[in-house]
file coords_1.txt (compact mmCIF, C-alpha atoms)
# COMPACT_ATOMS: atom_id res chain seq x y z
CA MET A 134 0.00 0.00 0.00
CA LYS A 135 2.83 2.42 0.88
CA ARG A 136 4.55 1.78 -2.44
CA PHE A 137 1.25 2.36 -4.23
CA LEU A 138 0.90 5.79 -2.65
CA VAL A 139 4.53 6.66 -3.39
CA LEU A 140 4.09 5.56 -7.01
CA ILE A 141 0.98 7.68 -7.38
CA ALA A 142 2.64 10.71 -5.80
CA THR A 143 5.38 10.40 -8.44
CA LEU A 144 2.80 10.20 -11.22
CA LEU A 145 0.96 13.24 -9.93
CA VAL A 146 4.12 15.35 -10.08
CA ALA A 147 5.39 13.98 -13.39
CA SER A 148 2.38 13.85 -15.66
CA SER A 149 -0.44 16.18 -14.71
CA ALA A 150 1.01 19.16 -16.58
CA LEU A 151 1.42 17.18 -19.81
CA ALA A 152 -2.26 16.34 -20.25
CA ALA A 153 -3.18 19.96 -20.83
CA ASP A 154 -1.33 19.84 -24.16
CA TYR A 155 -3.81 17.40 -25.73
CA VAL A 156 -5.05 18.49 -29.16
CA PRO A 157 -7.41 16.15 -31.07
CA THR A 158 -6.31 15.15 -34.56
CA GLU A 159 -8.29 15.84 -37.73
CA GLU A 160 -9.35 12.17 -37.78
CA CYS A 161 -10.62 12.49 -34.25
CA LEU A 162 -12.54 15.69 -34.94
CA LYS A 163 -14.16 14.09 -37.98
CA ALA A 164 -15.16 11.06 -35.90
CA ARG A 165 -16.62 13.34 -33.23
CA ALA A 166 -18.74 15.10 -35.86
CA GLU A 167 -19.99 11.77 -37.24
CA PHE A 168 -20.82 10.49 -33.76
CA ASN A 169 -22.71 13.68 -33.06
CA GLU A 170 -25.07 12.93 -35.94
CA GLU A 171 -25.79 9.28 -35.12
CA ARG A 172 -28.15 9.98 -32.23
CA PHE A 173 -29.11 6.36 -31.40
CA GLY A 174 -27.02 3.44 -30.25
CA ILE A 175 -27.52 0.13 -28.46
CA PHE A 176 -25.73 -0.71 -25.21
CA ILE A 177 -25.21 -4.42 -24.43
CA HIS A 178 -24.37 -5.70 -20.94
CA TRP A 179 -23.62 -9.41 -21.26
CA GLY A 180 -21.22 -11.72 -19.48
CA LEU A 181 -20.98 -14.50 -16.89
CA TYR A 182 -23.32 -12.54 -14.61
CA SER A 183 -26.19 -13.21 -17.02
CA MET A 184 -26.09 -16.86 -15.91
CA LEU A 185 -27.16 -15.82 -12.41
CA ALA A 186 -29.92 -13.60 -13.83
CA ASP A 187 -29.60 -10.93 -11.14
CA GLY A 188 -27.73 -8.08 -12.78
CA GLU A 189 -24.12 -7.33 -13.67
CA TRP A 190 -23.10 -6.34 -10.11
CA ILE A 191 -24.09 -9.65 -8.49
CA LEU A 192 -20.52 -10.72 -7.66
CA ASN A 193 -20.07 -7.61 -5.54
CA ASN A 194 -23.63 -7.13 -4.32
CA LYS A 195 -24.03 -10.72 -3.07
CA ASN A 196 -20.42 -10.97 -1.82
CA ILE A 197 -19.78 -14.13 -3.84
CA ASN A 198 -16.31 -15.61 -3.51
CA TYR A 199 -14.40 -14.44 -6.57
CA GLU A 200 -12.89 -17.89 -7.26
CA GLU A 201 -16.25 -19.61 -6.96
CA TYR A 202 -17.82 -17.01 -9.27
CA ALA A 203 -15.09 -17.69 -11.85
CA ARG A 204 -16.27 -21.31 -12.03
CA LEU A 205 -19.33 -20.03 -13.90
CA ALA A 206 -17.08 -19.82 -16.95
CA GLY A 207 -16.96 -23.62 -17.04
CA GLY A 208 -20.68 -23.69 -17.76
CA PHE A 209 -21.00 -20.68 -20.04
CA TYR A 210 -22.42 -21.97 -23.31
CA PRO A 211 -24.79 -19.48 -25.02
CA SER A 212 -26.06 -22.01 -27.54
CA LYS A 213 -28.49 -19.61 -29.21
CA PHE A 214 -26.10 -16.70 -29.69
CA ASN A 215 -26.24 -15.50 -33.27
CA ALA A 216 -24.36 -12.29 -34.00
CA ASP A 217 -26.06 -11.85 -37.37
CA GLU A 218 -29.50 -11.95 -35.74
CA TRP A 219 -28.41 -9.36 -33.20
CA ALA A 220 -27.04 -7.07 -35.91
CA GLU A 221 -30.19 -7.40 -38.00
CA LEU A 222 -32.35 -6.53 -34.96
CA PHE A 223 -30.25 -3.49 -34.12
CA LYS A 224 -30.37 -2.33 -37.73
CA GLU A 225 -34.15 -2.74 -37.74
CA ALA A 226 -34.25 -0.67 -34.55
CA GLY A 227 -32.49 2.17 -36.35
CA ALA A 228 -29.31 2.04 -34.25
CA ARG A 229 -26.17 3.53 -35.78
CA TYR A 230 -23.71 1.95 -33.32
CA VAL A 231 -23.45 -0.70 -30.62
CA THR A 232 -21.47 -0.47 -27.37
CA PHE A 233 -20.60 -3.94 -26.08
CA THR A 234 -19.22 -4.92 -22.68
CA SER A 235 -15.88 -6.39 -23.67
CA ARG A 236 -15.01 -6.74 -19.99
CA HIS A 237 -17.12 -5.70 -17.01
CA HIS A 238 -16.22 -5.28 -13.33
CA ASP A 239 -16.21 -9.06 -12.79
CA GLY A 240 -13.02 -9.18 -14.87
CA PHE A 241 -14.22 -11.75 -17.40
CA SER A 242 -13.24 -10.95 -21.00
CA MET A 243 -15.80 -11.59 -23.72
CA PHE A 244 -13.01 -11.80 -26.29
CA LYS A 245 -9.83 -13.77 -26.94
CA THR A 246 -7.00 -12.27 -24.90
CA ALA A 247 -3.41 -13.31 -24.28
CA THR A 248 -3.46 -11.77 -20.80
CA SER A 249 -5.36 -14.61 -19.12
CA THR A 250 -7.40 -17.75 -19.82
CA TYR A 251 -10.29 -16.06 -17.99
CA ASN A 252 -11.99 -15.27 -21.27
CA VAL A 253 -14.80 -16.62 -23.43
CA VAL A 254 -12.52 -18.48 -25.86
CA ASP A 255 -10.05 -20.17 -23.51
CA GLY A 256 -12.11 -20.41 -20.33
CA THR A 257 -15.52 -21.70 -21.46
CA PRO A 258 -16.87 -24.76 -23.29
CA PHE A 259 -18.36 -22.31 -25.82
CA GLY A 260 -14.88 -21.53 -27.11
CA ARG A 261 -15.93 -18.87 -29.60
CA ASP A 262 -14.85 -15.23 -29.76
CA ILE A 263 -18.12 -13.39 -29.17
CA VAL A 264 -16.57 -9.99 -29.82
CA GLY A 265 -15.08 -11.24 -33.08
CA GLU A 266 -18.39 -12.61 -34.33
CA LEU A 267 -20.27 -9.49 -33.27
CA ALA A 268 -17.71 -7.21 -34.93
CA ALA A 269 -18.05 -9.07 -38.22
CA ALA A 270 -21.86 -8.98 -38.11
CA LEU A 271 -22.05 -5.28 -37.23
CA HIS A 272 -19.52 -4.24 -39.85
CA LYS A 273 -21.49 -6.22 -42.44
CA ASN A 274 -24.60 -4.21 -41.50
CA ASP A 275 -22.81 -0.83 -41.48
CA ILE A 276 -23.24 -0.47 -37.72
CA LYS A 277 -20.27 0.86 -35.77
CA LEU A 278 -18.83 -1.10 -32.87
CA HIS A 279 -17.84 0.55 -29.60
CA PHE A 280 -16.35 -1.22 -26.57
CA TYR A 281 -17.32 -0.77 -22.95
CA TYR A 282 -14.20 -1.48 -20.88
CA SER A 283 -14.03 -1.59 -17.08
CA HIS A 284 -11.22 0.06 -15.16
CA LEU A 285 -12.44 -1.65 -12.00
CA ASP A 286 -11.81 -5.39 -11.55
CA TRP A 287 -13.14 -7.61 -8.75
CA TYR A 288 -11.30 -10.72 -10.01
CA ARG A 289 -7.67 -9.86 -10.74
CA THR A 290 -5.56 -9.79 -7.60
CA ASP A 291 -3.24 -7.13 -9.02
CA TYR A 292 -6.13 -4.67 -8.89
CA TRP A 293 -4.72 -3.49 -5.58
CA PRO A 294 -5.41 -1.78 -3.29
CA LEU A 295 -9.15 -2.25 -3.56
CA GLY A 296 -11.21 0.88 -3.88
CA ARG A 297 -14.81 1.45 -2.91
CA GLU A 298 -16.12 -1.93 -4.07
CA GLY A 299 -15.12 -5.61 -4.04
CA HIS A 300 -14.26 -6.03 -0.36
CA GLY A 301 -16.59 -8.97 0.21
CA VAL A 302 -15.49 -11.30 -2.61
CA GLY A 303 -12.62 -13.01 -0.75
CA ARG A 304 -9.74 -11.36 -2.59
CA PRO A 305 -6.31 -11.69 -0.90
CA ASP A 306 -4.22 -8.65 -0.07
CA GLY A 307 -1.93 -7.49 -2.84
CA LYS A 308 1.76 -6.76 -2.96
CA ASP A 309 4.25 -4.21 -4.22
CA GLY A 310 4.20 -3.83 -7.98
CA ASP A 311 0.59 -4.90 -8.42
CA TRP A 312 -0.66 -1.53 -9.65
CA ASP A 313 2.04 -1.34 -12.33
CA SER A 314 1.05 -4.85 -13.40
CA TYR A 315 -2.64 -3.98 -13.58
CA LEU A 316 -2.10 -0.85 -15.66
CA ALA A 317 0.07 -2.86 -18.09
CA PHE A 318 -2.64 -5.53 -18.29
CA MET A 319 -5.23 -2.95 -19.33
CA ARG A 320 -2.96 -1.46 -21.98
CA THR A 321 -2.39 -4.92 -23.42
CA GLN A 322 -6.12 -5.64 -23.59
CA LEU A 323 -6.91 -2.28 -25.14
CA THR A 324 -4.24 -2.95 -27.76
CA GLU A 325 -5.88 -6.33 -28.51
CA LEU A 326 -9.32 -4.76 -28.85
CA LEU A 327 -8.04 -2.06 -31.18
CA THR A 328 -5.92 -4.31 -33.41
CA GLN A 329 -7.99 -7.50 -33.76
CA TYR A 330 -11.53 -6.36 -34.61
CA GLY A 331 -11.33 -3.75 -37.34
CA PRO A 332 -12.40 -0.11 -36.98
CA ILE A 333 -13.71 0.69 -33.50
CA GLY A 334 -15.86 3.77 -32.97
CA ALA A 335 -15.16 4.36 -29.28
CA ILE A 336 -13.84 2.99 -26.01
CA TRP A 337 -16.34 3.60 -23.19
CA PHE A 338 -14.67 3.40 -19.77
CA ASP A 339 -16.33 2.71 -16.43
CA GLY A 340 -15.03 2.26 -12.88
CA TYR A 341 -12.67 5.27 -12.75
CA TRP A 342 -14.59 6.39 -9.65
CA ASP A 343 -13.73 3.26 -7.62
CA LYS A 344 -10.57 4.72 -6.05
CA LYS A 345 -12.00 8.07 -5.05
CA LYS A 346 -11.67 6.99 -1.40
CA PHE A 347 -7.91 7.64 -1.83
CA PHE A 348 -7.78 10.51 -4.31
CA SER A 349 -9.70 13.40 -5.79
CA TYR A 350 -11.17 12.98 -9.25
CA ASP A 351 -8.49 15.21 -10.73
CA GLU A 352 -5.75 13.14 -9.06
CA LEU A 353 -7.32 9.96 -10.41
CA TYR A 354 -6.49 11.08 -13.95
CA ASP A 355 -2.86 10.41 -13.09
CA VAL A 356 -3.51 7.44 -10.80
CA TRP A 357 -5.04 5.63 -13.76
CA ASP A 358 -2.34 7.04 -16.07
CA MET A 359 -5.13 8.23 -18.34
CA GLU A 360 -2.91 10.38 -20.55
CA ARG A 361 -0.96 7.27 -21.55
CA GLU A 362 -4.10 5.16 -21.90
CA TYR A 363 -5.95 7.72 -24.01
CA GLY A 364 -2.81 8.30 -26.05
CA LEU A 365 -2.55 4.58 -26.75
CA ILE A 366 -6.12 4.48 -28.04
CA HIS A 367 -5.71 7.51 -30.27
CA SER A 368 -2.39 6.24 -31.62
CA LEU A 369 -3.72 2.79 -32.52
CA GLN A 370 -6.91 4.14 -34.09
CA PRO A 371 -6.95 7.95 -34.50
CA SER A 372 -10.68 7.88 -35.26
CA CYS A 373 -11.53 5.91 -32.11
CA LEU A 374 -13.24 8.18 -29.61
CA VAL A 375 -12.91 8.02 -25.82
CA ALA A 376 -15.74 8.28 -23.29
CA ASN A 377 -15.31 7.88 -19.54
CA ASN A 378 -18.30 7.36 -17.26
CA HIS A 379 -16.69 9.08 -14.28
CA HIS A 380 -19.61 11.50 -13.67
CA VAL A 381 -17.41 14.62 -13.62
CA LYS A 382 -16.16 17.16 -16.15
CA PRO A 383 -14.37 15.71 -19.20
CA TYR A 384 -10.58 15.45 -19.02
CA PRO A 385 -7.98 15.94 -21.77
CA GLY A 386 -8.07 13.06 -24.25
CA GLU A 387 -11.80 12.44 -23.89
CA ASP A 388 -14.03 12.92 -26.91
CA ILE A 389 -17.54 12.15 -25.61
CA GLN A 390 -19.26 13.28 -22.42
CA PRO A 391 -21.58 10.51 -21.15
CA PHE A 392 -24.53 11.05 -18.83
CA GLU A 393 -25.69 7.99 -16.90
CA ARG A 394 -29.49 7.61 -16.71
CA ASP A 395 -30.14 11.31 -17.43
CA VAL A 396 -30.39 13.73 -20.30
CA PRO A 397 -27.63 16.36 -20.21
CA GLY A 398 -28.21 19.00 -17.56
CA GLU A 399 -30.41 16.86 -15.30
CA ASN A 400 -29.74 14.69 -12.25
CA THR A 401 -32.82 12.57 -11.65
CA GLY A 402 -30.65 9.44 -11.31
CA GLY A 403 -28.42 10.94 -8.63
CA PHE A 404 -25.10 10.41 -10.45
CA LEU A 405 -24.58 13.84 -11.99
CA ALA A 406 -25.00 16.47 -9.27
CA GLY A 407 -23.39 19.72 -10.35
CA LEU A 408 -22.06 18.28 -13.59
CA GLU A 409 -21.71 20.93 -16.28
CA VAL A 410 -22.49 20.13 -19.90
CA SER A 411 -19.38 20.46 -22.05
CA LYS A 412 -18.97 21.28 -25.73
CA LEU A 413 -17.95 17.70 -26.53
CA PRO A 414 -20.39 15.32 -28.24
CA LEU A 415 -22.92 14.19 -25.63
CA GLU A 416 -24.46 10.80 -24.88
CA THR A 417 -27.16 9.65 -22.48
CA CYS A 418 -27.10 5.99 -21.48
CA GLN A 419 -30.29 4.44 -20.15
CA THR A 420 -31.83 0.99 -19.76
CA ILE A 421 -34.77 -0.40 -21.70
CA ASN A 422 -36.10 -1.75 -18.41
CA LYS A 423 -34.67 -1.17 -14.91
CA ASP A 424 -31.41 -3.07 -15.23
CA TRP A 425 -28.21 -3.20 -17.25
CA GLY A 426 -27.48 -6.92 -17.01
CA TYR A 427 -30.13 -9.63 -17.48
CA LYS A 428 -32.57 -10.18 -14.61
CA ILE A 429 -35.12 -12.93 -14.69
CA VAL A 430 -37.49 -11.25 -12.20
CA GLY A 431 -38.33 -7.71 -11.18
CA SER A 432 -37.05 -5.87 -14.24
CA GLU A 433 -39.89 -3.56 -15.24
CA TYR A 434 -39.83 -2.49 -18.86
CA LYS A 435 -40.30 1.07 -20.00
CA THR A 436 -43.16 1.75 -22.38
CA LEU A 437 -42.62 2.68 -26.02
CA LYS A 438 -43.94 6.14 -25.15
CA THR A 439 -41.30 6.54 -22.42
CA LEU A 440 -38.50 5.43 -24.74
CA LEU A 441 -39.49 7.70 -27.62
CA VAL A 442 -39.92 10.66 -25.27
CA LEU A 443 -36.42 9.92 -23.96
CA LEU A 444 -35.05 9.72 -27.50
CA ALA A 445 -36.63 13.05 -28.45
CA ARG A 446 -35.59 14.81 -25.23
CA THR A 447 -32.03 13.51 -25.59
CA ALA A 448 -31.80 14.70 -29.20
CA SER A 449 -33.29 18.05 -28.16
CA LYS A 450 -30.25 18.49 -25.89
CA GLY A 451 -27.91 17.74 -28.81
CA ALA A 452 -27.09 14.29 -27.41
CA ASN A 453 -27.18 10.65 -28.50
CA LEU A 454 -29.24 8.00 -26.72
CA LEU A 455 -27.39 4.78 -25.85
CA LEU A 456 -30.17 2.35 -24.94
CA ASN A 457 -29.22 -0.79 -23.03
CA VAL A 458 -30.45 -4.35 -23.43
CA GLY A 459 -29.26 -7.32 -21.37
CA PRO A 460 -29.19 -10.61 -23.31
CA ARG A 461 -30.18 -13.89 -21.69
CA PRO A 462 -27.48 -16.43 -20.78
CA ASP A 463 -28.39 -18.45 -23.88
CA GLY A 464 -27.40 -15.51 -26.09
CA THR A 465 -30.85 -14.32 -27.10
CA ILE A 466 -32.30 -10.84 -26.68
CA PRO A 467 -35.36 -10.95 -24.38
CA ASP A 468 -38.57 -10.84 -26.40
CA GLN A 469 -39.89 -7.66 -24.81
CA SER A 470 -36.60 -5.86 -25.47
CA ALA A 471 -36.63 -6.98 -29.11
CA ASP A 472 -40.25 -5.93 -29.58
CA LEU A 473 -39.61 -2.46 -28.18
CA LEU A 474 -36.53 -2.03 -30.36
CA ARG A 475 -38.51 -2.96 -33.46
CA GLN A 476 -41.25 -0.48 -32.55
CA MET A 477 -38.66 2.26 -32.07
CA GLY A 478 -37.23 1.37 -35.45
CA ALA A 479 -40.67 1.62 -37.06
CA TRP A 480 -41.10 5.12 -35.61
CA LEU A 481 -37.62 6.16 -36.72
CA LYS A 482 -38.26 4.89 -40.23
CA VAL A 483 -40.99 7.52 -40.54
CA ASN A 484 -39.65 10.26 -38.28
CA GLY A 485 -35.90 9.66 -38.36
CA GLU A 486 -35.04 12.94 -40.07
CA SER A 487 -36.16 14.72 -36.87
CA ILE A 488 -33.54 12.75 -34.87
CA TYR A 489 -30.55 11.73 -37.02
CA GLY A 490 -28.15 14.52 -37.88
CA THR A 491 -30.03 17.11 -35.84
CA GLU A 492 -28.82 19.48 -33.18
CA ALA A 493 -30.48 20.93 -30.10
CA GLY A 494 -33.53 22.92 -31.16
CA CYS A 495 -33.70 26.70 -30.80
CA ILE A 496 -37.01 26.33 -28.95
CA SER A 497 -36.30 25.25 -25.38
CA GLU A 498 -38.27 22.44 -23.75
CA GLN A 499 -41.94 23.31 -23.28
CA GLU A 500 -44.78 21.62 -21.43
CA TRP A 501 -46.00 20.23 -24.76
CA GLY A 502 -42.62 18.85 -25.87
CA VAL A 503 -39.21 19.65 -27.34
CA SER A 504 -37.53 20.72 -30.57
CA THR A 505 -34.67 19.61 -32.77
CA GLN A 506 -33.29 21.29 -35.86
CA LYS A 507 -31.26 20.68 -38.98
CA GLY A 508 -30.25 23.43 -41.37
CA SER A 509 -33.34 25.56 -42.00
CA ASP A 510 -35.76 22.94 -40.66
CA LEU A 511 -37.17 22.95 -37.14
CA TYR A 512 -38.88 19.86 -35.74
CA LEU A 513 -41.47 20.19 -32.99
CA HIS A 514 -41.88 16.96 -31.02
CA ILE A 515 -45.31 17.00 -29.39
CA LEU A 516 -44.89 14.71 -26.40
CA ASN A 517 -47.81 15.91 -24.28
CA ALA A 518 -50.83 16.90 -26.36
CA ALA A 519 -52.82 17.84 -23.27
CA LYS A 520 -50.52 20.82 -22.75
CA ILE A 521 -51.32 22.43 -26.12
CA GLU A 522 -53.67 25.29 -25.34
CA GLY A 523 -56.32 26.23 -27.88
CA GLY A 524 -54.92 23.87 -30.48
CA THR A 525 -51.97 26.13 -31.28
CA ILE A 526 -48.27 26.44 -30.54
CA THR A 527 -46.71 29.90 -30.57
CA LEU A 528 -43.05 30.50 -31.40
CA PRO A 529 -41.10 33.76 -31.14
CA TYR A 530 -41.38 35.93 -34.25
CA GLU A 531 -37.58 36.21 -34.30
CA THR A 532 -37.22 32.48 -35.00
CA GLY A 533 -37.12 33.35 -38.68
CA LYS A 534 -39.24 33.64 -41.83
CA LEU A 535 -41.38 30.48 -41.90
CA LEU A 536 -42.06 29.18 -45.41
CA GLY A 537 -44.15 26.12 -44.64
CA ALA A 538 -45.08 23.46 -42.11
CA VAL A 539 -46.17 19.82 -42.40
CA SER A 540 -46.91 16.81 -40.27
CA LEU A 541 -43.78 14.69 -40.64
CA SER A 542 -45.58 11.35 -40.52
CA ASP A 543 -47.91 11.92 -43.49
CA GLY A 544 -47.02 15.27 -45.05
CA THR A 545 -50.30 16.97 -44.10
CA ILE A 546 -49.96 20.72 -44.61
CA VAL A 547 -50.09 22.66 -41.34
CA LYS A 548 -51.59 26.16 -41.23
CA PHE A 549 -49.77 29.02 -39.52
CA THR A 550 -49.64 32.80 -39.21
CA GLN A 551 -46.59 34.96 -38.61
CA LYS A 552 -46.92 38.50 -37.25
CA LYS A 553 -44.63 40.64 -35.15
CA LYS A 554 -47.27 41.19 -32.48
CA THR A 555 -48.39 37.58 -32.11
CA GLY A 556 -45.31 35.64 -33.21
CA ILE A 557 -45.49 32.44 -35.25
CA VAL A 558 -48.76 30.68 -34.43
CA ILE A 559 -48.93 27.05 -35.54
CA ASP A 560 -52.34 25.43 -35.90
CA VAL A 561 -51.66 21.92 -34.65
CA PRO A 562 -53.66 19.47 -36.79
CA ALA A 563 -55.80 16.79 -35.25
CA PHE A 564 -53.81 13.67 -34.38
CA ASP A 565 -54.02 10.63 -32.17
CA GLU A 566 -53.23 12.04 -28.74
CA ALA A 567 -52.04 8.60 -27.69
CA ALA A 568 -49.21 8.91 -30.22
CA GLU A 569 -45.81 8.52 -28.60
CA ASP A 570 -44.26 11.49 -30.42
CA PHE A 571 -46.12 13.50 -33.06
CA VAL A 572 -43.67 15.62 -35.08
CA LEU A 573 -44.24 18.83 -37.02
CA LYS A 574 -41.66 19.95 -39.56
CA LEU A 575 -41.26 23.69 -39.98
CA SER A 576 -39.20 24.94 -42.91
CA PHE A 577 -37.66 28.41 -42.63
CA LYS A 578 -36.14 30.63 -45.28
CA ALA A 579 -32.68 30.63 -43.70
CA ALA A 580 -30.66 28.26 -41.54
CA LEU A 581 -31.59 28.47 -37.87
call {"tool": "encode", "arguments": {"input": "coords_1.txt", "output": "structure tokens"}}
result
Amino acid sequence: MKRFLVLIATLLVASSALAADYVPTEECLKARAEFNEERFGIFIHWGLYSMLADGEWILNNKNINYEEYARLAGGFYPSKFNADEWAELFKEAGARYVTFTSRHHDGFSMFKTATSTYNVVDGTPFGRDIVGELAAALHKNDIKLHFYYSHLDWYRTDYWPLGREGHGVGRPDGKDGDWDSYLAFMRTQLTELLTQYGPIGAIWFDGYWDKKKFFSYDELYDVWDMEREYGLIHSLQPSCLVANNHHVKPYPGEDIQPFERDVPGENTGGFLAGLEVSKLPLETCQTINKDWGYKIVGSEYKTLKTLLVLLARTASKGANLLLNVGPRPDGTIPDQSADLLRQMGAWLKVNGESIYGTEAGCISEQEWGVSTQKGSDLYLHILNAAKIEGGTITLPYETGKLLGAVSLSDGTIVKFTQKKKTGIVIDVPAFDEAAEDFVLKLSFKAAL
């Protein structure tokens, strides 16, 4: 422990000043711009924990002995896993990228790695590289692949000293040199992920926060040697973006600001108190039910209405929605998850232009809904019809010269008036008030 603290003190002195010099490359800036137009991705939490059907934190939450938990690998055989079927479903859902848990906090790798036999190829009777098969299927369907990668590890004994979590899993105390070993292990795995599976859109980190009992968040940047880690990623694939789910301001080398269970600027989930919204591309991650990893009981699903409202509200903040599903241990996507994804895809097929490639709308969130915009087009997402008073929506006159308005779903012409005294008054046409998100497209003379 003493050597760990001495090592970190050295890092803090040596490297913190260097990180401020980070300048993203042209490839990186281009990738950021592309990501910022994609607006909808699928998050997948899948691993050994799915076999116990009680969420991805079960090893820690139930204080299972880490060696006994590892024996699950000997029975992991997802006989119905079909990467092509997954990719086809995600494409039908309208997703532009997929973020897959290459390795979660339990330390099990869902890909072939030379660092340990504790992986899906060498440590299970299944013996197939799930990441490799998924990468091939997604690339074939023009869907980008991102990797979730855990900083925290409850299995490896060189993850030492323990941080906030993992104290009840029976891990032995560590020794001098462990932290150096663990950091080297992560760099090796990241190199494998970025050299074995083709173009990767992003690395999405989690677990940075585990050692905040010892250090401030700013100090943790050096504790984790993030400058070197981020530099490795950008050197291996300059277009690969970096996101870190640390719940604080973005640090040098990061390209995406993620928001866990909230749209940017809100803190209903309790993770993001005081967090400012940066100018980086933004992403909200949320679950399709209550849980990230598969649960066989007690996982209440969100309604289609809730999911489409979330998608519209996220886009209205200029952010992507990363929607999570937790596959079953047999490798299939739960039926209710698949059905909801298909329904979202059906809505996007009709209304996608109001989501993909848009930016935050110039009309702030109202009781009736939100707005997005693209060029000279403004999209009004009516999410709560009961809040439209008198059948009209009024926009500021200064919004611009309005040329025309239509219902996006069927092209019905929408009447409006535009006067300095009254503003732009939109006559909202009759529509099914049970609709999840009714969209009006307003075309202005000039870009907004």
call {"tool": "residues_near_point", "arguments": {"input": "coords_1.txt", "point": "(-31.6, -2.9, -19.1)", "cutoff": "7 Å", "atoms": "only C-alpha atoms", "output": "list in words"}}
result
Thr420, Ile421, Asn422, Lys423, Asp424, Trp425, Gly426, Asn457, Val458 and Gly459 of chain A
call {"tool": "residues_around", "arguments": {"input": "coords_1.txt", "residues": "Ser242 in chain A", "least_positions_apart": "2", "cutoff": "7 Å", "atoms": "all atoms listed in the file", "output": "ChimeraX atom specification"}}
result
/A:235-236,240,244,251-253
call {"tool": "closest_residue", "arguments": {"input": "coords_1.txt", "among": "A:Glu189, A:Glu522, A:Glu159, A:Glu416", "to": "Val561 in chain A", "atoms": "all atoms listed in the file"}}
result
A:Glu522
call {"tool": "residues_near_point", "arguments": {"input": "coords_1.txt", "point": "(-16.0, -22.3, -13.8)", "cutoff": "10 Å", "atoms": "all atoms listed in the file", "output": "ChimeraX atom specification"}}
result
/A:181,200-209,251,256-258
call {"tool": "residues_around", "arguments": {"input": "coords_1.txt", "residues": "range 514-518 of chain A", "least_positions_apart": "2", "cutoff": "8 Å", "atoms": "only C-alpha atoms", "output": "list in words"}}
result
Val442, Ala445, Glu500, Trp501, Gly502, Val503, Ser504, Thr505, Tyr512, Lys520, Ile521, Glu566, Glu569, Asp570, Phe571, Val572 and Leu573 of chain A
call {"tool": "atom_distance", "arguments": {"input": "coords_1.txt", "atom1": "CA of Ile263 in chain A", "atom2": "CA of Trp179 in chain A"}}
result
10.4 Å
call {"tool": "atom_distance", "arguments": {"input": "coords_1.txt", "atom1": "CA of Asp217 in chain A", "atom2": "CA of Ala270 in chain A"}}
result
5.1 Å
call {"tool": "atom_distance", "arguments": {"input": "coords_1.txt", "atom1": "CA of Phe392 in chain A", "atom2": "CA of Ala448 in chain A"}}
result
13.2 Å
call {"tool": "residues_around", "arguments": {"input": "coords_1.txt", "residues": "Ala317 in chain A", "least_positions_apart": "6", "cutoff": "12 Å", "atoms": "only C-alpha atoms", "output": "list in words"}}
result
Thr248, Asp291, Tyr292, Gly310, Asp311, Leu323, Thr324, Trp357, Asp358, Arg361, Glu362 and Leu365 of chain A
call {"tool": "residues_around", "arguments": {"input": "coords_1.txt", "residues": "Glu393 in chain A", "least_positions_apart": "6", "cutoff": "9 Å", "atoms": "all atoms listed in the file", "output": "MDAnalysis selection string"}}
result
chainID A and resid 378 380 402 404:405 416:419
call {"tool": "residues_around", "arguments": {"input": "coords_1.txt", "residues": "Gly490 in chain A", "least_positions_apart": "3", "cutoff": "12 Å", "atoms": "all atoms listed in the file", "output": "list in words"}}
result
Ala166, Glu167, Phe168, Asn169, Glu170, Glu171, Arg172, Phe173, Arg229, Ala448, Ser449, Gly451, Ala452, Asn453, Gly485, Glu486, Ser487, Ala493, Thr505, Gln506, Lys507, Gly508 and Asp510 of chain A
call {"tool": "write_last_selection", "arguments": {"input": "coords_1.txt", "atoms": "C-alpha atoms", "output": "mmCIF file, in the coordinates of the input"}}
result
data_model
loop_
_atom_site.group_PDB
_atom_site.id
_atom_site.type_symbol
_atom_site.label_atom_id
_atom_site.label_comp_id
_atom_site.auth_asym_id
_atom_site.auth_seq_id
_atom_site.Cartn_x
_atom_site.Cartn_y
_atom_site.Cartn_z
ATOM 1 C CA ALA A 166 -18.740 15.100 -35.860
ATOM 2 C CA GLU A 167 -19.990 11.770 -37.240
ATOM 3 C CA PHE A 168 -20.820 10.490 -33.760
ATOM 4 C CA ASN A 169 -22.710 13.680 -33.060
ATOM 5 C CA GLU A 170 -25.070 12.930 -35.940
ATOM 6 C CA GLU A 171 -25.790 9.280 -35.120
ATOM 7 C CA ARG A 172 -28.150 9.980 -32.230
ATOM 8 C CA PHE A 173 -29.110 6.360 -31.400
ATOM 9 C CA ARG A 229 -26.170 3.530 -35.780
ATOM 10 C CA ALA A 448 -31.800 14.700 -29.200
ATOM 11 C CA SER A 449 -33.290 18.050 -28.160
ATOM 12 C CA GLY A 451 -27.910 17.740 -28.810
ATOM 13 C CA ALA A 452 -27.090 14.290 -27.410
ATOM 14 C CA ASN A 453 -27.180 10.650 -28.500
ATOM 15 C CA GLY A 485 -35.900 9.660 -38.360
ATOM 16 C CA GLU A 486 -35.040 12.940 -40.070
ATOM 17 C CA SER A 487 -36.160 14.720 -36.870
ATOM 18 C CA ALA A 493 -30.480 20.930 -30.100
ATOM 19 C CA THR A 505 -34.670 19.610 -32.770
ATOM 20 C CA GLN A 506 -33.290 21.290 -35.860
ATOM 21 C CA LYS A 507 -31.260 20.680 -38.980
ATOM 22 C CA GLY A 508 -30.250 23.430 -41.370
ATOM 23 C CA ASP A 510 -35.760 22.940 -40.660
#
